[in-house]
Amino acid sequence: MARKGGRAKPARESAQKYPCIDERAAENFVSLQEIVATARRKLPQALWDHLSGGADSETTLLRNRQALDRLALRQRVLVDVRKIDITTTLLGKPLASPVFLAPVGGFVGFAHPQGVCNVARAAVAHGTTAFVSTAAKPGLEEAAAVVKEPLIFQLYVRADRKWVEDILDRARVAGYRALCVCVDRNYYGRRERDIVSRANVREGFGDPSFQMALSWKDMGWMKERMGVPLILKGIATAEDARLAVEHGADVVYVSNHGGRQLDHAQATIEVLPEVAAAVNGRAEILWDGGVQRGTDVIKALCLGARAVGVGKMLGWALAASGEAGLKRMLELMDVEIRTAMGLMGVTSLAQLNPSWVRPAHPVRPASQTNAYPWFEEQARGT
């Protein structure tokens with residue numbers, strides 16, 4: 001937020017002091033809403049906006065939430081739900097939860113000096129996985145070194161082919177087990193909350209023309225260079241899902257960058273069914289886009305996703321209580337998933353399919369945080 005009589009203090013400059021994080025606070029969180037409320041209190045306005053906002057009119061961001069709210073879950077009764085299995089797999093590796101920590105770039109370094117290292121430790125401790133972004137601090141080697149399980153490296157292209165080859169070699173040597181290429185960032189979206197506040201939070205360095213020039217033919221040599229499975233993140237149509245599989249993608253990752261790239265795009269939950277039909281079992285499917293509740297996760301699993309990524313929630317939890325906050329957020333997400341499954345009469349993720357969801361009318365307007373009514377009431381002072 002701009003200061004009177006002058007330009008807003010850049011978020012990079014503000015972030016050098018970091019939010020005042022109390023790891024002990026996490027043990028007292030009994031709801032995801034408390035995590036978000038704590039993050040809102042601790043984050044400077046520019047960092048809150050950077051994490052929580054979207055591109056231009058934020059229509060895509062709001063559609064992500066509204067489309068999720070337009071789906072209702074069906075329920076069956078008199079089912080023995082004493083044992084509920086929420087495990088899944090990703091590229092042959094078991095995950096204790098269908099929720100993973102999505103690639104979040106520069107914010108994790110602004111929020112905490114250990115940034116992505118906290119993310120890596122929390123994911124592995126919970127039995128799930130994390131994507132480590134090119135832009136995440138303190139760095140890809142540091143994140144890999146703090147855990148004993150291999151993570152997933154997410155690439156932004158910052159320079160020429162030699163630069164890409166070098167960073168892929170670094171990721172391979174560091175032990176990353178898959179390569180995720182972000183394919184919806186060839187043009188950097190206009191995130192007007194950052195622009196208006198003059199916040200210096202744009203991720204990256206180097207010449208953006210190299211990312212702009214990426215094409216399908218580049219995916220093959222990247223996969224071959226690193227020698228690991230390929231994940232393409234940012235797929236939003238059936239046409240591109242088919243092309244992704246044809247060009248060697250082992251995982252199709254449905255995402256619109258949390259509404260931070262193309263304004264007025266479709267919500268990711270809207271395009272998930274067409275992507276699943278186009279892939280037709282030839283690759284695994286991941287999904288993200290506005291996730292704030294365990295029920296959001298279940299809806300995506302019903303429509304074809306194998307696992308679901310959290311990005312903004314990752315940022316809120318990290319800002320609220322560091323590594324402990326991330327662990328507690330994942331625990332609470334699992335509580336919500338199990339609770340919803342038990343009430344639906346579902347005992348395994350394998351039972352979920354499109355028959356469990358139906359169209360419905362949203363009960364409240366979409367917003368950045370409309371899944372958290374108590375938080376929004378507190379923020380309004382009501």
# chains A, B, ... in the order shown; residues from 1 in each chain; ligands from 1
call {"tool": "select_by_dssp", "arguments": {"residues": "range 133-375 of chain A", "states": "strand (DSSP E or B)", "output": "PyMOL selection string"}}
result
chain A and resi 133+152-155+178-182+230-235+251-254+284-287+307-310+348+357-359
call {"tool": "residues_around", "arguments": {"residues": "Gly289 in chain A", "least_positions_apart": "4", "cutoff": "7 Å", "atoms": "only C-alpha atoms", "output": "list in words"}}
result
Asn64, Ser255, Asn256, Gly258 and Thr268 of chain A
call {"tool": "residues_around", "arguments": {"residues": "range 56-60 of chain A", "least_positions_apart": "2", "cutoff": "7 Å", "atoms": "only C-alpha atoms", "output": "PyMOL selection string"}}
result
chain A and resi 54+62-64+190-192+259+263-267
call {"tool": "closest_residue", "arguments": {"among": "A:Leu91, A:Ala199, A:Ala236, A:Met329", "to": "Arg306 in chain A", "atoms": "only C-alpha atoms"}}
result
A:Leu91
call {"tool": "residues_around", "arguments": {"residues": "Tyr187 in chain A", "least_positions_apart": "4", "cutoff": "12 Å", "atoms": "only C-alpha atoms", "output": "ChimeraX atom specification"}}
result
/A:156-157,182-183,207-214,260-262
call {"tool": "select_by_dssp", "arguments": {"residues": "range 189-306 of chain A", "states": "alpha helix (DSSP H)", "output": "PyMOL selection string"}}
result
chain A and resi 192-196+209-212+216-226+238-246+268-279+294-302
